[in-house]
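Take a look at the structure set out below.
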Amino acid sequence: MEELNCKLLVIGSGPGGYVCAIRAGQLGVDTIIVEAKAHGGTCLNVGCIPSKALIHAADEFSHAVKFTRDNNLGISVQKPKIELEKTVAWKDGIVARLNGGVTALLKRAGVRAIIGHARFRDGKSVIVKTDMGEQLIRAEKIVIATGSVPFEIPSLPFGGDVISSTEALALTSVPKRLVVVGGGYIGLEIGTAMSKLGAEVTVVEFTSRILPQYDTELTKPVADRLKALGITVMLNTKAEGLNARKDALRVTLEGGDSTELPFDKVLVAVGRKARTHDCGLDELALKMNGQFIEIDDRCQTSMRDVYAIGDVTGEPMLAHRAIAQGEMTAEIVAGGPQAWDKQCIPAVCFTDPEIVTAGLSPDEARELGHDIVTPGFTPEEELVLNRDIEIGKFPFTANGRAMTMENDSGFIRVVARASDHVILGVQATGGGVSELAAVFALAIEMGARLEDIAGTIHAHPTQSEGFQEAALKALGHAIHI
């Protein structure tokens, strides 16, 4: 068995893992990264990137279909068609280019990259099974970045016509009838795209509302759009399993009645779980937080010199969180004093319309209170005082750019502390608002006040003006509403 030695071993080359390895290499740390399949992990290969490619193609096709009918823009086209196989090939080309880019960046940083399945032997070494045989890698420090996998419902195991998001993004033809189990962002993103491509889509959600991680005000425009697209949403409905013929999904409705939903494909999208199986974690004395590896503010696990980053450490399971953790951990391994001190992690839901959240929602802000000291007040009085917030909301129906893009559903909402106007959170829903996520996060990270945003000149005509207008609204002197 070949033996290799290094200072840092990174297991998993998703967004967190490969960023960690690249930054460590740049810092002169002797680094090896092991990946079971392809560099980029779920996000690049079967998640973020391919899903956004499918969403873009579906939007373009939907626009073409719209122009076959009477429309405000006066555009007329013949009946369009979609060759999904060609679309998937285009998507795969993007993934391949990005894969190649990651590989090149790892090489440039001096990182040794190995394709194979890693399994812990102890806290300082792993055995990697590759196509060329087994390798033993000994490392001074190890970063676990194994990511997550789709959660499987026992009564609906993946296989055949029951698919996860991975298989959904590789379909070469549009299913005539698609049943989506799960009304979260993954199910709704893919379900909406398939509906625009011509599928008859039904969403089965166990809870009383779609996108339960967001407040109702943010999700209402999405619910309205689902209805406009002809997507059937069944709330308070439990997926029980396939019928005997395996051509329909048995569901239990609110009240206890049952029915069957015929399908061509069933997409199960009820969340993701940490990928901790089959990698020998039982050989380590790691403290767990449920299914996730517990870490401190330096991504250190309960074992010395063993770190963990990304989805395997829990919510929020977002690629950009993993990236930030990966970069920070590389700095720590190289001897830096860094610790996690981020004020917010923005989240984007690429539904139609899109949803963006950064920082605290109004309810969260009221619940938590805020860490400021007001002279003359007791801690209890401070908590009550700090729960007082200001909210400013600006609708895109009053935004010129949104109107000219026919994206005037939705709004931008800003949440600020009443005592000093520090911005605690920003939320938005609307077409294209995903591109405003960084602006919202930057304002919170820099401790901006309402006056800072209101006093900043925002280019006209842009949707970003809605942020300035929302701040003005919170200050009590909105201009355009």
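Chain lettering (A, B, ...) mirrors the order of the structure tokens, residue numbering begins at 1 for each chain separately, and ligand numbering begins at 1 in order of display.
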
At a cut-off of 12 Å, using only C-alpha atoms, what residues contact His56 of chain A? Leave out same-chain residues fewer than 3 positions from it and give the result as JSON, numbers by chain.
{"A": [49, 50, 51, 52, 53, 59, 60, 61, 62, 63, 87, 88, 90, 91, 189, 190, 192, 193, 194, 196, 197, 350, 351, 352, 432]}

Expected file: the selected residues, C-alpha atoms, as a PDB file, in the first residue's frame:
ATOM      1  CA  ILE A  49     -25.209  25.115 -10.909  1.00  0.00           C
ATOM      2  CA  PRO A  50     -27.209  22.554 -12.933  1.00  0.00           C
ATOM      3  CA  SER A  51     -30.481  23.551 -11.250  1.00  0.00           C
ATOM      4  CA  LYS A  52     -29.949  27.201 -12.151  1.00  0.00           C
ATOM      5  CA  ALA A  53     -29.154  26.160 -15.724  1.00  0.00           C
ATOM      6  CA  ASP A  59     -37.667  30.664 -18.086  1.00  0.00           C
ATOM      7  CA  GLU A  60     -36.495  31.240 -21.655  1.00  0.00           C
ATOM      8  CA  PHE A  61     -38.875  28.582 -22.952  1.00  0.00           C
ATOM      9  CA  SER A  62     -41.710  30.058 -20.903  1.00  0.00           C
ATOM     10  CA  HIS A  63     -41.034  33.474 -22.429  1.00  0.00           C
ATOM     11  CA  THR A  87     -30.510  21.474 -22.757  1.00  0.00           C
ATOM     12  CA  VAL A  88     -28.974  18.864 -20.449  1.00  0.00           C
ATOM     13  CA  TRP A  90     -25.483  22.391 -22.461  1.00  0.00           C
ATOM     14  CA  LYS A  91     -25.807  22.165 -18.681  1.00  0.00           C
ATOM     15  CA  GLU A 189     -37.398  25.274  -7.928  1.00  0.00           C
ATOM     16  CA  ILE A 190     -37.399  22.070  -9.974  1.00  0.00           C
ATOM     17  CA  THR A 192     -41.638  25.261 -11.296  1.00  0.00           C
ATOM     18  CA  ALA A 193     -39.037  24.722 -14.016  1.00  0.00           C
ATOM     19  CA  MET A 194     -40.680  21.489 -15.146  1.00  0.00           C
ATOM     20  CA  LYS A 196     -42.739  25.895 -17.490  1.00  0.00           C
ATOM     21  CA  LEU A 197     -41.332  23.184 -19.755  1.00  0.00           C
ATOM     22  CA  PHE A 350     -34.609  30.551  -6.871  1.00  0.00           C
ATOM     23  CA  THR A 351     -38.350  30.135  -7.133  1.00  0.00           C
ATOM     24  CA  ASP A 352     -40.552  32.337  -9.304  1.00  0.00           C
ATOM     25  CA  GLY A 432     -33.914  38.985 -10.174  1.00  0.00           C
TER      26      GLY A 432
END

Quick one: residues within 8 Å of Ser434 of chain A, only C-alpha atoms, excluding same-chain residues fewer than 5 positions away - as a list in words?
Val348, Cys349, Phe350, Glu354, Ile355 and Val356 of chain A

Shell around Ser76 of chain A at 10 Å using only C-alpha atoms, local window under 2 positions removed, as a VMD selection string:
chain A and resid 64 to 71 73 to 74 78 to 79

Just the selected residues (N, CA and C atoms), exported as a compact mmCIF listing (two decimals), in the first residue's frame, please.
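Wrote again.txt, looks like this:
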# COMPACT_ATOMS: atom_id res chain seq x y z
N ALA A 64 -40.79 32.26 -24.52
CA ALA A 64 -41.11 31.97 -25.92
C ALA A 64 -42.57 31.56 -26.07
N VAL A 65 -43.05 30.72 -25.14
CA VAL A 65 -44.46 30.30 -25.17
C VAL A 65 -45.38 31.50 -25.00
N LYS A 66 -44.99 32.40 -24.10
CA LYS A 66 -45.79 33.59 -23.85
C LYS A 66 -45.97 34.41 -25.12
N PHE A 67 -44.90 34.47 -25.94
CA PHE A 67 -44.95 35.30 -27.14
C PHE A 67 -45.73 34.67 -28.29
N THR A 68 -46.24 33.46 -28.07
CA THR A 68 -47.15 32.87 -29.06
C THR A 68 -48.56 33.40 -28.86
N ARG A 69 -48.79 34.06 -27.73
CA ARG A 69 -50.10 34.62 -27.42
C ARG A 69 -50.02 36.15 -27.43
N ASP A 70 -51.16 36.77 -27.26
CA ASP A 70 -51.19 38.22 -27.16
C ASP A 70 -50.42 38.65 -25.93
N ASN A 71 -49.56 39.66 -26.05
CA ASN A 71 -48.74 40.09 -24.92
C ASN A 71 -48.48 41.59 -25.01
N LEU A 73 -45.74 43.25 -24.92
CA LEU A 73 -44.54 43.69 -25.64
C LEU A 73 -44.72 43.66 -27.15
N GLY A 74 -45.81 43.09 -27.61
CA GLY A 74 -46.06 43.06 -29.04
C GLY A 74 -45.17 42.10 -29.81
N GLN A 78 -43.62 31.76 -33.51
CA GLN A 78 -44.30 30.50 -33.77
C GLN A 78 -44.19 29.60 -32.55
N LYS A 79 -44.92 28.53 -32.54
CA LYS A 79 -44.94 27.62 -31.40
C LYS A 79 -43.56 27.05 -31.14

Identify all residues of segment 319-375 of chain A in strand (DSSP E) (DSSP on the backbone) and supply them as a ChimeraX atom specification.
/A:347-349,354-359

Please, could you write that set of residues out with N, CA and C atoms as a PDB file, in the first residue's frame?
ATOM      1  N   ALA A 347     -29.457  33.942   2.249  1.00  0.00           N
ATOM      2  CA  ALA A 347     -30.019  32.752   1.616  1.00  0.00           C
ATOM      3  C   ALA A 347     -30.873  33.187   0.433  1.00  0.00           C
ATOM      4  N   VAL A 348     -30.800  32.410  -0.639  1.00  0.00           N
ATOM      5  CA  VAL A 348     -31.563  32.717  -1.849  1.00  0.00           C
ATOM      6  C   VAL A 348     -32.386  31.501  -2.248  1.00  0.00           C
ATOM      7  N   CYS A 349     -33.645  31.727  -2.529  1.00  0.00           N
ATOM      8  CA  CYS A 349     -34.530  30.686  -3.046  1.00  0.00           C
ATOM      9  C   CYS A 349     -34.854  31.062  -4.489  1.00  0.00           C
ATOM     10  N   GLU A 354     -38.091  35.039  -7.101  1.00  0.00           N
ATOM     11  CA  GLU A 354     -37.013  34.665  -6.186  1.00  0.00           C
ATOM     12  C   GLU A 354     -37.248  35.254  -4.795  1.00  0.00           C
ATOM     13  N   ILE A 355     -36.622  34.627  -3.800  1.00  0.00           N
ATOM     14  CA  ILE A 355     -36.675  35.121  -2.426  1.00  0.00           C
ATOM     15  C   ILE A 355     -35.245  35.263  -1.907  1.00  0.00           C
ATOM     16  N   VAL A 356     -34.976  36.363  -1.216  1.00  0.00           N
ATOM     17  CA  VAL A 356     -33.678  36.594  -0.585  1.00  0.00           C
ATOM     18  C   VAL A 356     -33.906  36.961   0.872  1.00  0.00           C
ATOM     19  N   THR A 357     -33.125  36.377   1.758  1.00  0.00           N
ATOM     20  CA  THR A 357     -33.152  36.797   3.160  1.00  0.00           C
ATOM     21  C   THR A 357     -31.715  37.001   3.644  1.00  0.00           C
ATOM     22  N   ALA A 358     -31.538  38.023   4.462  1.00  0.00           N
ATOM     23  CA  ALA A 358     -30.244  38.277   5.104  1.00  0.00           C
ATOM     24  C   ALA A 358     -30.525  38.818   6.493  1.00  0.00           C
ATOM     25  N   GLY A 359     -29.902  38.240   7.486  1.00  0.00           N
ATOM     26  CA  GLY A 359     -30.116  38.706   8.847  1.00  0.00           C
ATOM     27  C   GLY A 359     -31.449  38.271   9.415  1.00  0.00           C
TER      28      GLY A 359
END

Can you tell me, as a PyMOL selection string, which residues in segment 163-229 of chain A count as helix (DSSP H, G or I) by DSSP?
chain A and resi 165-168+185-196+216-228

Expected file contents, prior selection, N, CA and C atoms, as a CSV table (one decimal), in the first residue's frame:
chain,number,residue,atom,x,y,z
A,165,SER,N,-33.3,15.0,-6.5
A,165,SER,CA,-33.0,16.2,-7.4
A,165,SER,C,-31.9,15.8,-8.3
A,166,THR,N,-31.0,14.9,-8.0
A,166,THR,CA,-29.9,14.5,-8.8
A,166,THR,C,-30.4,14.0,-10.2
A,167,GLU,N,-31.3,13.0,-10.1
A,167,GLU,CA,-31.9,12.4,-11.3
A,167,GLU,C,-32.8,13.4,-12.0
A,168,ALA,N,-33.5,14.3,-11.3
A,168,ALA,CA,-34.4,15.3,-11.9
A,168,ALA,C,-33.6,16.2,-12.8
A,185,TYR,N,-37.5,24.6,-1.0
A,185,TYR,CA,-37.0,25.4,-2.1
A,185,TYR,C,-36.5,24.4,-3.2
A,186,ILE,N,-36.0,23.2,-2.9
A,186,ILE,CA,-35.5,22.3,-4.0
A,186,ILE,C,-36.7,21.8,-4.8
A,187,GLY,N,-37.8,21.4,-4.1
A,187,GLY,CA,-38.9,20.9,-4.8
A,187,GLY,C,-39.6,21.9,-5.7
A,188,LEU,N,-39.7,23.1,-5.1
A,188,LEU,CA,-40.4,24.2,-5.9
A,188,LEU,C,-39.6,24.7,-7.0
A,189,GLU,N,-38.2,24.8,-6.8
A,189,GLU,CA,-37.4,25.3,-7.9
A,189,GLU,C,-37.5,24.3,-9.1
A,190,ILE,N,-37.4,23.0,-8.9
A,190,ILE,CA,-37.4,22.1,-10.0
A,190,ILE,C,-38.8,21.9,-10.5
A,191,GLY,N,-39.8,21.9,-9.6
A,191,GLY,CA,-41.2,21.7,-10.0
A,191,GLY,C,-41.6,22.9,-10.9
A,192,THR,N,-41.3,24.1,-10.5
A,192,THR,CA,-41.6,25.3,-11.3
A,192,THR,C,-41.0,25.2,-12.7
A,193,ALA,N,-39.7,24.8,-12.7
A,193,ALA,CA,-39.0,24.7,-14.0
A,193,ALA,C,-39.7,23.7,-14.9
A,194,MET,N,-40.0,22.5,-14.4
A,194,MET,CA,-40.7,21.5,-15.1
A,194,MET,C,-42.1,21.9,-15.6
A,195,SER,N,-42.8,22.7,-14.8
A,195,SER,CA,-44.1,23.2,-15.2
A,195,SER,C,-43.9,24.1,-16.4
A,196,LYS,N,-43.0,25.0,-16.4
A,196,LYS,CA,-42.7,25.9,-17.5
A,196,LYS,C,-42.3,25.2,-18.8
A,216,THR,N,-44.8,34.2,5.8
A,216,THR,CA,-45.9,34.2,4.8
A,216,THR,C,-45.9,35.3,3.8
A,217,GLU,N,-45.5,36.5,4.3
A,217,GLU,CA,-45.4,37.7,3.4
A,217,GLU,C,-44.5,37.5,2.3
A,218,LEU,N,-43.4,36.8,2.5
A,218,LEU,CA,-42.4,36.5,1.5
A,218,LEU,C,-42.8,35.4,0.5
A,219,THR,N,-43.6,34.5,1.0
A,219,THR,CA,-43.9,33.3,0.2
A,219,THR,C,-45.2,33.5,-0.6
A,220,LYS,N,-46.0,34.5,-0.2
A,220,LYS,CA,-47.3,34.7,-0.9
A,220,LYS,C,-47.1,34.9,-2.4
A,221,PRO,N,-46.2,35.8,-2.9
A,221,PRO,CA,-46.0,36.0,-4.3
A,221,PRO,C,-45.6,34.6,-5.0
A,222,VAL,N,-44.9,33.8,-4.3
A,222,VAL,CA,-44.5,32.5,-4.9
A,222,VAL,C,-45.8,31.6,-5.0
A,223,ALA,N,-46.6,31.6,-4.0
A,223,ALA,CA,-47.8,30.8,-4.0
A,223,ALA,C,-48.8,31.3,-5.1
A,224,ASP,N,-48.8,32.6,-5.3
A,224,ASP,CA,-49.7,33.1,-6.4
A,224,ASP,C,-49.2,32.7,-7.7
A,225,ARG,N,-47.9,32.7,-7.9
A,225,ARG,CA,-47.3,32.3,-9.2
A,225,ARG,C,-47.5,30.9,-9.5
A,226,LEU,N,-47.3,30.0,-8.5
A,226,LEU,CA,-47.6,28.6,-8.6
A,226,LEU,C,-49.0,28.4,-9.2
A,227,LYS,N,-49.9,29.1,-8.6
A,227,LYS,CA,-51.3,29.0,-9.0
A,227,LYS,C,-51.5,29.4,-10.5
A,228,ALA,N,-50.8,30.5,-10.8
A,228,ALA,CA,-50.9,31.1,-12.2
A,228,ALA,C,-50.3,30.1,-13.2

Pick out the residues sitting within 12 Å of Glu294 of chain A, and hand them over as an MDAnalysis selection string; count only C-alpha atoms, and ignore anything fewer than 3 positions along from it in its own chain.
chainID A and resid 144 274 285:291 297:303 306:315

Selection near Glu3 of chain A, 7 Å with only C-alpha atoms, sequence-local residues under 2 positions removed, as a PyMOL selection string
chain A and resi 1+5+135-137

So which residues touch segment 321-329 of chain A within 7 Å, counting only C-alpha atoms, skipping near sequence neighbours fewer than 3 positions away, as a count of residues only?
15

Any idea what's packed within 10 Å of Gly160 of chain A, counting only C-alpha atoms, ignoring anything in its chain fewer than 2 positions away? Could you give it as a PDB file with C-alpha atoms, in the first residue's frame?
ATOM      1  CA  PRO A 157     -37.017   4.740  -1.731  1.00  0.00           C
ATOM      2  CA  PHE A 158     -35.169   6.190  -4.688  1.00  0.00           C
ATOM      3  CA  VAL A 162     -38.986   7.782  -7.838  1.00  0.00           C
ATOM      4  CA  ILE A 163     -36.131  10.242  -8.177  1.00  0.00           C
ATOM      5  CA  LYS A 246     -46.530   1.629  -9.003  1.00  0.00           C
ATOM      6  CA  LYS A 265     -42.037  10.685 -12.213  1.00  0.00           C
ATOM      7  CA  VAL A 266     -42.085  11.339  -8.468  1.00  0.00           C
TER       8      VAL A 266
END
